[in-house]
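File shown: data04.tsv (TSV, C-alpha atoms).
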```
chain	number	residue	atom	x	y	z
A	1	MET	CA	191.77	-10.87	-221.78
A	2	THR	CA	195.55	-11.31	-221.94
A	3	ASN	CA	197.68	-12.33	-224.89
A	4	LEU	CA	201.39	-12.17	-225.75
A	5	LEU	CA	202.98	-10.26	-228.65
A	6	PRO	CA	206.71	-10.30	-229.47
A	7	MET	CA	208.75	-7.16	-228.84
A	8	ALA	CA	211.05	-5.94	-231.58
A	9	ASP	CA	214.36	-6.51	-229.77
A	10	GLN	CA	216.19	-8.84	-227.37
A	11	GLY	CA	213.44	-11.46	-227.43
A	12	LEU	CA	211.22	-9.48	-225.04
A	13	THR	CA	207.52	-10.18	-225.27
A	14	PHE	CA	204.68	-7.75	-224.77
A	15	GLN	CA	201.87	-8.94	-222.55
A	16	VAL	CA	198.59	-7.41	-223.65
A	17	THR	CA	195.75	-7.23	-221.15
A	18	ARG	CA	192.55	-5.83	-222.59
A	19	ASN	CA	190.52	-3.34	-220.60
A	20	ASP	CA	187.22	-5.01	-219.72
A	21	ARG	CA	185.84	-1.54	-218.97
A	22	ALA	CA	186.83	0.02	-222.26
A	23	MET	CA	184.54	2.76	-223.54
A	24	SER	CA	181.78	1.80	-225.92
A	25	ASP	CA	181.92	2.89	-229.55
A	26	GLU	CA	179.28	5.51	-228.80
A	27	GLU	CA	181.19	6.93	-225.80
A	28	ARG	CA	184.42	7.07	-227.77
A	29	GLU	CA	182.85	8.76	-230.79
A	30	ALA	CA	181.27	11.39	-228.54
A	31	ILE	CA	184.73	12.25	-227.20
A	32	LEU	CA	186.33	12.27	-230.64
A	33	ALA	CA	183.70	14.73	-231.84
A	34	ALA	CA	185.16	17.37	-229.47
A	35	PRO	CA	188.32	16.00	-227.80
A	36	GLY	CA	190.04	19.22	-226.79
A	37	PHE	CA	193.66	18.59	-225.75
A	38	GLY	CA	194.83	16.40	-222.89
A	39	LYS	CA	191.35	16.00	-221.44
A	40	HIS	CA	190.50	12.43	-222.40
A	41	PHE	CA	192.64	9.30	-222.56
A	42	THR	CA	192.44	6.01	-224.40
A	43	ASP	CA	191.57	2.69	-222.80
A	44	HIS	CA	195.12	1.34	-222.50
A	45	MET	CA	198.71	2.30	-221.73
A	46	VAL	CA	202.17	0.82	-222.22
A	47	ASP	CA	204.36	-0.07	-219.23
A	48	ILE	CA	207.99	-1.26	-219.40
A	49	CYS	CA	210.23	-1.74	-216.37
A	50	TRP	CA	213.96	-1.19	-215.98
A	51	SER	CA	216.32	-2.14	-213.18
A	52	VAL	CA	220.06	-2.12	-212.68
A	53	ASN	CA	220.20	-5.90	-212.62
A	54	GLY	CA	217.40	-6.76	-215.06
A	55	GLY	CA	217.70	-4.05	-217.72
A	56	TRP	CA	214.54	-3.43	-219.76
A	57	HIS	CA	211.96	-6.10	-219.02
A	58	ARG	CA	208.27	-6.96	-218.55
A	59	PRO	CA	206.88	-4.91	-221.47
A	60	ARG	CA	203.10	-4.83	-221.45
A	61	VAL	CA	199.97	-3.08	-222.62
A	62	GLN	CA	197.42	-2.81	-219.84
A	63	PRO	CA	194.23	-0.93	-218.98
A	64	TYR	CA	194.72	2.79	-218.50
A	65	GLY	CA	194.57	3.68	-214.83
A	66	PRO	CA	196.32	4.98	-211.72
A	67	ILE	CA	199.99	4.16	-211.12
A	68	ALA	CA	200.86	2.87	-207.65
A	69	LEU	CA	203.95	4.51	-206.15
A	70	ASP	CA	205.66	4.15	-202.81
A	71	PRO	CA	205.63	7.49	-200.94
A	72	SER	CA	209.44	7.39	-201.02
A	73	ALA	CA	209.62	6.87	-204.80
A	74	ALA	CA	212.64	8.82	-206.02
A	75	VAL	CA	210.75	10.84	-208.62
A	76	LEU	CA	208.60	12.44	-205.92
A	77	HIS	CA	211.62	13.78	-204.07
A	78	TYR	CA	214.35	14.36	-206.65
A	79	GLY	CA	212.46	14.96	-209.90
A	80	GLN	CA	214.23	12.31	-211.97
A	81	GLU	CA	211.73	12.32	-214.85
A	82	ILE	CA	211.59	12.89	-218.61
A	83	PHE	CA	208.92	12.71	-221.32
A	84	GLU	CA	208.20	13.08	-225.02
A	85	GLY	CA	205.28	14.25	-227.13
A	86	LEU	CA	204.30	13.20	-230.64
A	87	LYS	CA	201.16	12.45	-232.64
A	88	ALA	CA	199.50	9.65	-234.56
A	89	TYR	CA	197.68	10.79	-237.71
A	90	ARG	CA	194.92	9.01	-239.59
A	91	HIS	CA	195.34	9.22	-243.35
A	92	VAL	CA	192.49	9.28	-245.81
A	93	ASP	CA	192.78	5.51	-246.41
A	94	GLY	CA	192.33	4.85	-242.69
A	95	SER	CA	195.98	3.97	-242.00
A	96	ILE	CA	197.74	5.40	-238.92
A	97	TRP	CA	201.10	7.15	-239.11
A	98	SER	CA	203.51	9.05	-236.88
A	99	PHE	CA	205.89	11.87	-237.78
A	100	ARG	CA	209.60	11.27	-237.14
A	101	PRO	CA	209.13	9.09	-234.04
A	102	ASP	CA	212.75	7.97	-234.32
A	103	ALA	CA	213.78	11.57	-233.63
A	104	ASN	CA	211.60	11.57	-230.51
A	105	ALA	CA	213.23	8.30	-229.45
A	106	ARG	CA	216.73	9.76	-229.79
A	107	ARG	CA	215.73	12.94	-227.96
A	108	LEU	CA	214.33	10.82	-225.13
A	109	GLN	CA	217.72	9.12	-224.96
A	110	ARG	CA	219.50	12.47	-224.72
A	111	SER	CA	217.11	13.58	-221.99
A	112	ALA	CA	217.66	10.30	-220.15
A	113	LYS	CA	221.42	10.74	-220.27
A	114	ARG	CA	221.15	14.25	-218.80
A	115	LEU	CA	218.82	13.09	-216.00
A	116	ALA	CA	220.92	9.97	-215.22
A	117	LEU	CA	218.14	7.65	-216.41
A	118	PRO	CA	218.58	4.53	-218.58
A	119	GLU	CA	218.42	5.09	-222.34
A	120	LEU	CA	215.50	3.25	-223.92
A	121	PRO	CA	216.58	1.69	-227.26
A	122	VAL	CA	215.00	3.33	-230.29
A	123	GLU	CA	213.48	-0.01	-231.32
A	124	HIS	CA	211.75	-0.33	-227.95
A	125	PHE	CA	210.39	3.19	-228.20
A	126	LEU	CA	208.93	2.62	-231.67
A	127	GLU	CA	207.52	-0.75	-230.70
A	128	SER	CA	205.81	0.75	-227.66
A	129	LEU	CA	203.93	3.12	-229.98
A	130	ARG	CA	202.94	0.31	-232.34
A	131	GLN	CA	201.70	-1.85	-229.48
A	132	LEU	CA	199.50	0.90	-228.05
A	133	VAL	CA	198.06	1.75	-231.46
A	134	ALA	CA	197.38	-1.94	-232.05
A	135	VAL	CA	194.84	-1.96	-229.22
A	136	ASP	CA	193.69	1.70	-229.23
A	137	GLY	CA	193.80	2.52	-232.94
A	138	ASP	CA	190.09	3.34	-232.95
A	139	TRP	CA	190.95	6.38	-230.81
A	140	VAL	CA	192.81	8.06	-233.68
A	141	PRO	CA	190.33	10.66	-234.97
A	142	SER	CA	189.77	11.35	-238.65
A	143	ALA	CA	188.43	14.93	-238.67
A	144	PRO	CA	190.66	17.62	-240.23
A	145	GLU	CA	193.60	18.79	-238.07
A	146	THR	CA	192.90	16.17	-235.38
A	147	SER	CA	195.26	13.48	-234.11
A	148	LEU	CA	196.03	11.10	-231.27
A	149	TYR	CA	198.63	12.70	-229.01
A	150	LEU	CA	201.15	10.16	-227.70
A	151	ARG	CA	202.93	10.84	-224.41
A	152	PRO	CA	205.85	8.53	-223.58
A	153	PHE	CA	207.41	9.24	-220.19
A	154	MET	CA	209.97	7.76	-217.83
A	155	PHE	CA	210.58	8.26	-214.13
A	156	ALA	CA	212.53	6.93	-211.16
A	157	LYS	CA	210.27	4.63	-209.15
A	158	GLU	CA	212.76	3.11	-206.71
A	159	ALA	CA	211.62	3.51	-203.11
A	160	PHE	CA	214.50	5.23	-201.35
A	161	LEU	CA	215.66	8.59	-200.01
A	162	GLY	CA	219.11	9.50	-201.23
A	163	VAL	CA	220.60	11.67	-203.93
A	164	ARG	CA	221.79	9.19	-206.56
A	165	PRO	CA	220.40	7.77	-209.80
A	166	ALA	CA	217.53	5.39	-209.10
A	167	HIS	CA	218.06	1.67	-209.60
A	168	LYS	CA	214.47	1.09	-210.73
A	169	VAL	CA	212.72	3.05	-213.47
A	170	ALA	CA	209.34	2.90	-215.21
A	171	TYR	CA	208.56	3.81	-218.83
A	172	TYR	CA	204.96	4.42	-219.87
A	173	VAL	CA	203.06	5.57	-222.94
A	174	ILE	CA	199.60	7.08	-222.66
A	175	ALA	CA	197.51	8.59	-225.45
A	176	SER	CA	194.97	11.39	-225.70
A	177	PRO	CA	192.84	12.38	-228.73
A	178	ALA	CA	193.57	15.97	-229.76
A	179	GLY	CA	191.29	18.35	-231.60
A	180	ALA	CA	192.37	21.09	-233.98
A	181	TYR	CA	194.68	23.49	-232.08
A	182	PHE	CA	193.16	26.49	-233.84
A	183	SER	CA	189.46	25.69	-233.96
A	184	GLY	CA	188.63	28.99	-235.63
A	185	GLY	CA	191.58	29.06	-238.01
A	186	VAL	CA	195.25	29.89	-237.43
A	187	ALA	CA	195.64	33.23	-235.67
A	188	PRO	CA	198.73	35.15	-234.44
A	189	VAL	CA	199.40	35.06	-230.69
A	190	SER	CA	200.71	37.69	-228.29
A	191	ILE	CA	203.89	36.87	-226.37
A	192	TRP	CA	205.08	38.29	-223.05
A	193	LEU	CA	208.81	38.78	-222.58
A	194	THR	CA	209.84	37.93	-219.05
A	195	THR	CA	212.95	39.62	-217.69
A	196	THR	CA	212.37	38.29	-214.18
A	197	TYR	CA	212.48	34.53	-214.71
A	198	SER	CA	214.75	32.14	-216.60
A	199	ARG	CA	213.61	28.86	-218.10
A	200	ALA	CA	216.98	27.10	-217.63
A	201	GLY	CA	220.57	27.93	-216.75
A	202	LYS	CA	223.88	27.35	-218.49
A	203	GLY	CA	224.87	23.73	-217.98
A	204	GLY	CA	221.39	22.93	-216.67
A	205	THR	CA	218.58	20.80	-218.05
A	206	GLY	CA	217.24	23.19	-220.71
A	207	ALA	CA	218.07	20.84	-223.58
A	208	ALA	CA	216.30	17.93	-221.86
A	209	LYS	CA	212.55	17.37	-222.01
A	210	THR	CA	212.00	17.12	-218.27
A	211	GLY	CA	209.07	18.25	-216.18
A	212	GLY	CA	211.18	20.55	-214.02
A	213	ASN	CA	211.78	22.89	-216.96
A	214	TYR	CA	208.05	23.27	-217.47
A	215	ALA	CA	207.38	23.70	-213.77
A	216	ALA	CA	209.93	26.52	-213.75
A	217	SER	CA	208.07	28.25	-216.59
A	218	LEU	CA	204.63	28.28	-214.97
A	219	VAL	CA	205.04	31.42	-212.86
A	220	ALA	CA	206.27	33.29	-215.94
A	221	GLN	CA	203.34	31.92	-217.94
A	222	ALA	CA	200.99	33.23	-215.27
A	223	GLU	CA	202.69	36.61	-215.60
A	224	ALA	CA	202.09	36.49	-219.35
A	225	SER	CA	198.40	35.76	-218.83
A	226	GLU	CA	198.11	38.74	-216.50
A	227	HIS	CA	199.34	40.92	-219.37
A	228	GLY	CA	196.90	39.46	-221.90
A	229	CYS	CA	199.42	37.17	-223.63
A	230	GLN	CA	199.08	33.52	-224.61
A	231	GLN	CA	202.74	32.57	-224.22
A	232	VAL	CA	205.95	33.71	-222.54
A	233	LEU	CA	209.40	34.22	-224.08
A	234	PHE	CA	212.56	33.61	-222.05
A	235	LEU	CA	215.98	35.22	-222.45
A	236	ASP	CA	219.30	33.57	-221.60
A	237	SER	CA	220.08	33.31	-217.91
A	238	VAL	CA	223.66	34.65	-218.15
A	239	GLU	CA	223.44	37.98	-219.95
A	240	GLY	CA	219.67	38.36	-220.26
A	241	THR	CA	220.17	39.50	-223.84
A	242	TYR	CA	219.71	36.51	-226.12
A	243	LEU	CA	216.45	34.85	-227.12
A	244	GLU	CA	215.91	31.33	-225.82
A	245	GLU	CA	212.46	29.81	-226.40
A	246	LEU	CA	208.86	30.03	-225.30
A	247	GLY	CA	207.42	28.01	-222.43
A	248	GLY	CA	206.85	25.09	-224.79
A	249	MET	CA	207.83	26.13	-228.33
A	250	ASN	CA	210.83	27.25	-230.36
A	251	VAL	CA	211.06	30.66	-232.05
A	252	VAL	CA	211.87	31.48	-235.69
A	253	LEU	CA	212.28	34.92	-237.29
A	254	VAL	CA	211.92	35.52	-241.03
A	255	LYS	CA	213.91	38.22	-242.80
A	256	ALA	CA	212.78	40.21	-245.83
A	257	ASP	CA	215.23	38.30	-248.04
A	258	GLY	CA	213.64	35.00	-247.00
A	259	THR	CA	216.32	33.98	-244.48
A	260	LEU	CA	215.03	32.11	-241.43
A	261	VAL	CA	216.83	32.72	-238.13
A	262	THR	CA	216.37	30.63	-234.98
A	263	PRO	CA	218.08	30.97	-231.59
A	264	GLN	CA	220.75	28.40	-230.78
A	265	SER	CA	221.84	27.61	-227.25
A	266	ASP	CA	222.76	24.59	-225.15
A	267	SER	CA	219.81	25.43	-222.87
A	268	ILE	CA	217.17	25.22	-225.63
A	269	LEU	CA	215.23	22.02	-226.31
A	270	GLU	CA	216.01	20.70	-229.79
A	271	GLY	CA	212.65	21.01	-231.51
A	272	ILE	CA	211.75	18.26	-233.97
A	273	THR	CA	209.00	20.39	-235.49
A	274	ARG	CA	211.37	23.36	-235.73
A	275	ASP	CA	214.10	21.33	-237.43
A	276	SER	CA	211.57	19.89	-239.88
A	277	ILE	CA	210.22	23.34	-240.76
A	278	LEU	CA	213.74	24.63	-241.31
A	279	GLN	CA	214.54	21.64	-243.52
A	280	LEU	CA	211.48	22.35	-245.66
A	281	ALA	CA	212.58	25.97	-245.96
A	282	GLU	CA	216.07	24.88	-247.04
A	283	ASP	CA	214.48	22.55	-249.60
A	284	ARG	CA	212.87	25.63	-251.13
A	285	GLY	CA	216.20	27.43	-251.31
A	286	HIS	CA	215.83	29.59	-248.22
A	287	ARG	CA	218.89	30.33	-246.14
A	288	VAL	CA	218.66	29.13	-242.52
A	289	GLU	CA	220.72	30.54	-239.65
A	290	ARG	CA	220.97	28.74	-236.31
A	291	ARG	CA	222.77	31.15	-234.00
A	292	ARG	CA	222.47	33.39	-230.98
A	293	VAL	CA	219.86	36.11	-231.52
A	294	THR	CA	219.52	39.23	-229.36
A	295	LEU	CA	216.27	40.91	-228.41
A	296	ASP	CA	217.60	44.13	-229.98
A	297	GLU	CA	218.14	42.34	-233.30
A	298	TRP	CA	214.47	41.38	-233.36
A	299	ARG	CA	213.27	44.81	-232.29
A	300	GLU	CA	215.52	46.75	-234.67
A	301	GLY	CA	214.87	44.31	-237.50
A	302	VAL	CA	211.12	44.81	-237.30
A	303	ALA	CA	211.55	48.60	-237.09
A	304	SER	CA	213.76	48.65	-240.19
A	305	GLY	CA	211.68	46.17	-242.16
A	306	GLU	CA	214.48	43.60	-242.21
A	307	ILE	CA	212.45	41.13	-240.14
A	308	VAL	CA	209.00	40.60	-241.63
A	309	GLU	CA	207.59	37.50	-239.88
A	310	ALA	CA	207.94	35.64	-236.62
A	311	PHE	CA	206.50	32.32	-235.53
A	312	ALA	CA	206.70	29.68	-232.83
A	313	CYS	CA	206.66	25.95	-233.51
A	314	GLY	CA	206.11	22.76	-231.58
A	315	THR	CA	204.26	19.45	-231.62
A	316	ALA	CA	200.88	20.68	-230.37
A	317	ALA	CA	200.26	23.70	-232.62
A	318	VAL	CA	202.82	22.82	-235.33
A	319	VAL	CA	203.35	26.49	-236.30
A	320	THR	CA	201.92	29.50	-234.50
A	321	PRO	CA	202.34	32.99	-235.99
A	322	ILE	CA	203.58	35.60	-233.51
A	323	GLY	CA	201.75	38.89	-233.86
A	324	LEU	CA	202.99	40.83	-230.83
A	325	LEU	CA	205.88	40.62	-228.39
A	326	LYS	CA	205.65	42.93	-225.41
A	327	GLY	CA	207.26	43.39	-222.04
A	328	ILE	CA	209.15	45.77	-219.77
A	329	VAL	CA	212.87	46.26	-220.31
A	330	ASP	CA	214.95	48.58	-218.12
A	331	GLY	CA	211.75	49.84	-216.54
A	332	GLU	CA	210.21	50.87	-219.84
A	333	PRO	CA	207.36	49.09	-221.66
A	334	PHE	CA	208.02	48.07	-225.25
A	335	GLU	CA	206.25	46.28	-228.08
A	336	ILE	CA	207.32	44.53	-231.25
A	337	GLY	CA	204.67	43.94	-233.89
A	338	SER	CA	200.93	44.11	-233.42
A	339	ALA	CA	198.24	41.93	-231.90
A	340	ASP	CA	196.19	42.56	-235.06
A	341	ALA	CA	198.93	41.41	-237.44
A	342	GLU	CA	198.10	38.97	-240.20
A	343	PRO	CA	199.92	35.61	-240.28
A	344	GLY	CA	203.06	35.74	-242.42
A	345	GLU	CA	202.91	34.26	-245.91
A	346	LEU	CA	205.99	32.05	-245.51
A	347	THR	CA	204.89	31.05	-242.01
A	348	MET	CA	201.57	29.76	-243.26
A	349	SER	CA	203.02	28.16	-246.38
A	350	LEU	CA	205.54	26.13	-244.36
A	351	ARG	CA	202.85	25.15	-241.86
A	352	GLN	CA	200.64	23.91	-244.68
A	353	GLU	CA	203.46	21.92	-246.25
A	354	LEU	CA	204.38	20.20	-243.00
A	355	THR	CA	200.80	19.31	-242.05
A	356	ASP	CA	200.19	18.04	-245.58
A	357	ILE	CA	203.08	15.62	-245.11
A	358	GLN	CA	201.86	14.56	-241.67
A	359	TYR	CA	198.33	13.83	-242.90
A	360	GLY	CA	199.48	12.12	-246.10
A	361	ARG	CA	198.25	14.84	-248.45
A	362	ARG	CA	201.72	15.45	-249.89
A	363	PRO	CA	204.63	13.12	-250.74
A	364	ASP	CA	207.07	12.50	-247.90
A	365	SER	CA	210.39	13.04	-249.67
A	366	HIS	CA	212.43	12.80	-246.45
A	367	GLY	CA	211.00	9.51	-245.19
A	368	TRP	CA	209.75	11.17	-242.01
A	369	MET	CA	206.49	9.24	-241.66
A	370	LEU	CA	206.31	5.81	-240.00
A	371	ARG	CA	203.22	3.64	-240.22
A	372	LEU	CA	202.14	2.41	-236.80
A	373	ASP	CA	199.27	0.06	-237.65
A	374	ALA	CA	201.12	-2.31	-239.97
```
Whole structure given in structure tokens:
Amino acid sequence: MTNLLPMADQGLTFQVTRNDRAMSDEEREAILAAPGFGKHFTDHMVDICWSVNGGWHRPRVQPYGPIALDPSAAVLHYGQEIFEGLKAYRHVDGSIWSFRPDANARRLQRSAKRLALPELPVEHFLESLRQLVAVDGDWVPSAPETSLYLRPFMFAKEAFLGVRPAHKVAYYVIASPAGAYFSGGVAPVSIWLTTTYSRAGKGGTGAAKTGGNYAASLVAQAEASEHGCQQVLFLDSVEGTYLEELGGMNVVLVKADGTLVTPQSDSILEGITRDSILQLAEDRGHRVERRRVTLDEWREGVASGEIVEAFACGTAAVVTPIGLLKGIVDGEPFEIGSADAEPGELTMSLRQELTDIQYGRRPDSHGWMLRLDA
């Protein structure tokens, strides 16, 4: 079944084609009972086209399924691709909300600019989320700590071989129900420090959310797994001294006086969760420092008692306490913290406050939440 819905801007109209093979209520509920993360997908997806001559056009919601690409599609050869990640939350009254999607929209624009892709207007981005939720809202779970993960992405689809920005681009949104990240309760993770690999270089694409950055992190992540760690921490690519970020999360250190310190660099992805956590800390009167941070500062701070907590933060896990950082530096093994450490008090308090806002359990004083089903 196909019907037309107006788009928010420029008179564009969404065409909605219902999936005649959509899952039954029973099949969907069985998945929502134990969704995992990124394993199952909803019945529909959003698709918007862009071209040099036509701009943004042909917005539609269609059945979820394979995407047809020419073998010479630019993305397959030159990696011109970006994406975002955010969640839809079901509140106790059944309504569906998203957390700071406008910030995701603006970050997608910054990523697009860096990858020479067209910048999707914020209004189009937000409307694409609303349109998908309008047809797949039943996929938003209601169990504690669950959500519907939304994955907008954009890539060069023009069929050509040549190193230049593509003249045809596709923007999609898919969605996947997500279970609680910590099924057995929040627990500190162990981090491996890689001194062999860099996540991104100076002047590179580190501040953009592009697949190449994550591909570059995979070999280091495998190295971390070999050493019994759940995540990998990267240092800067120039001096190899300053903290950057994990494979997919930002890092925050907490001092004994309550100051929060986070690495700042033009090769670090600007974390929306991180910035929100830091804002909540500032609201409480905590001092926040965004600056370059050396590995020695972390190591010596823990040894002296000046640094008392460390955590990582990102969309998927929200906040993850860091118990242990280990690696090999100058040929010598070293460790900071302990794998048996308890989660920090401020770490857990900030995590609780942010998730309470996201799930509607606490007032949203910053106007961060946007309702998607209204």
Dump as a PyMOL selection string all residues having an atom at most 7 Å from (217.8, 11.5, -214.3), computed in the file's coordinates with all atoms listed in the file. chain A and resi 80-81+112+114-117+165
Dump as an mmCIF file, in the coordinates of the input, selection limited to C-alpha atoms:
```cif
data_model
loop_
_atom_site.group_PDB
_atom_site.id
_atom_site.type_symbol
_atom_site.label_atom_id
_atom_site.label_comp_id
_atom_site.auth_asym_id
_atom_site.auth_seq_id
_atom_site.Cartn_x
_atom_site.Cartn_y
_atom_site.Cartn_z
ATOM 1 C CA GLN A 80 214.230 12.310 -211.970
ATOM 2 C CA GLU A 81 211.730 12.320 -214.850
ATOM 3 C CA ALA A 112 217.660 10.300 -220.150
ATOM 4 C CA ARG A 114 221.150 14.250 -218.800
ATOM 5 C CA LEU A 115 218.820 13.090 -216.000
ATOM 6 C CA ALA A 116 220.920 9.970 -215.220
ATOM 7 C CA LEU A 117 218.140 7.650 -216.410
ATOM 8 C CA PRO A 165 220.400 7.770 -209.800
#
```
Each residue of region 102-211 of chain A lying at most 10 Å from region 335-339 of chain A should get a row with its shortest atom-to-atom pair and the distance in Å to one decimal, counting only C-alpha atoms; could you produce that, ordered by chain and increasing number, as a tab-separated table?
```
residue	atom	partner	partner_atom	distance
A:Ala187	CA	A:Ala339	CA	9.8
A:Pro188	CA	A:Ala339	CA	7.3
A:Val189	CA	A:Ala339	CA	7.1
A:Ser190	CA	A:Ala339	CA	6.1
A:Ile191	CA	A:Ala339	CA	9.4
A:Trp192	CA	A:Glu335	CA	9.5
A:Leu193	CA	A:Glu335	CA	9.6
```
Measure the distance from CA of Ala281 (chain A) to CA of Val92 (chain A) in Å and round it to one decimal. 26.1 Å
Can you check which parts of region 180-288 of chain A lie within 7 Å of region 308-320 of chain A? Per residue, the shortest pair of atoms and distance in Å to one decimal, counting all atoms listed in the file, sorted by chain and number, as CSV.
```
residue,atom,partner,partner_atom,distance
A:Tyr181,CA,A:Ala317,CA,5.6
A:Pro188,CA,A:Thr320,CA,6.5
A:Met249,CA,A:Gly314,CA,5.0
A:Asn250,CA,A:Cys313,CA,5.4
A:Val251,CA,A:Ala312,CA,4.5
A:Val252,CA,A:Phe311,CA,5.4
A:Leu253,CA,A:Ala310,CA,4.5
A:Val254,CA,A:Glu309,CA,4.9
A:Lys255,CA,A:Val308,CA,5.6
A:Ala256,CA,A:Val308,CA,5.7
A:Gly271,CA,A:Gly314,CA,6.8
A:Thr273,CA,A:Gly314,CA,5.4
A:Arg274,CA,A:Cys313,CA,5.8
```
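Here CA of Lys87 (chain A) and CA of Arg58 (chain A) stand 25.0 Å from one another.
Residue nearest Leu372 (chain A), chosen from A:Leu126, A:Ala33, A:Cys49, A:Val261 and counting only C-alpha atoms: A:Leu126.
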A straight line from CA of Ala200 (chain A) to CA of Tyr214 (chain A) spans 9.7 Å
Residue nearest Thr146 (chain A) among A:Ser176, A:Gln230, A:Asn104, A:Gln131 (counting all atoms listed in the file): A:Ser176
Using all atoms listed in the file, collect all residues at a distance of at most 12 Å from (211.8, 36.9, -210.2) as written in the file, then present them as a PyMOL selection string. chain A and resi 194-199+216-217+219-220+223+237
Write out as a PyMOL selection string which residues come within 10 Å of Gly204 (chain A) when counting only C-alpha atoms, dropping same-chain ones fewer than 6 positions away. chain A and resi 114+213+266-267
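The residue that comes closest to Gly162 (chain A), out of A:Val75, A:Val122, A:Arg100, A:Gly240 and on the basis of all atoms listed in the file, is A:Val75.
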Out of A:Ile174, A:Ala34, A:Ile357, A:Leu132, which residue has the shortest atom-to-atom distance to Arg18 (chain A) when counting all atoms listed in the file? A:Leu132
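Near Arg292 (chain A), within 8 Å and counting all atoms listed in the file, sit Tyr242, Leu243, Thr262, Pro263, Gln264 and Ser265 of chain A, not including residues fewer than 3 positions from it in the same chain.
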Best match for closeness to Leu76 (chain A) among A:Ala143, A:Leu161, A:Val16, A:Val61, counting only C-alpha atoms: A:Leu161
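The nearest approach to Glu123 (chain A) among the residues A:Asp102, A:Glu158, A:Asp136, A:Asp236, with all atoms listed in the file taken into account, belongs to A:Asp102.
Residues in contact with Arg60 (chain A) at 7 Å, where only C-alpha atoms are counted and same-chain residues fewer than 5 positions away are skipped, are listed as Phe14, Gln15, Val16, Val46, Asp47 and Ile48 of chain A.
For Phe153 (chain A), the set of protein, DNA and RNA residues having any atom at most 9 Å away, when counting all atoms listed in the file and skipping those fewer than 4 positions along the same chain, is Glu81, Ile82, Phe83, Glu84, Gly85, Leu108, Ala170, Tyr171, Tyr172, Val173 and Ile174 of chain A.
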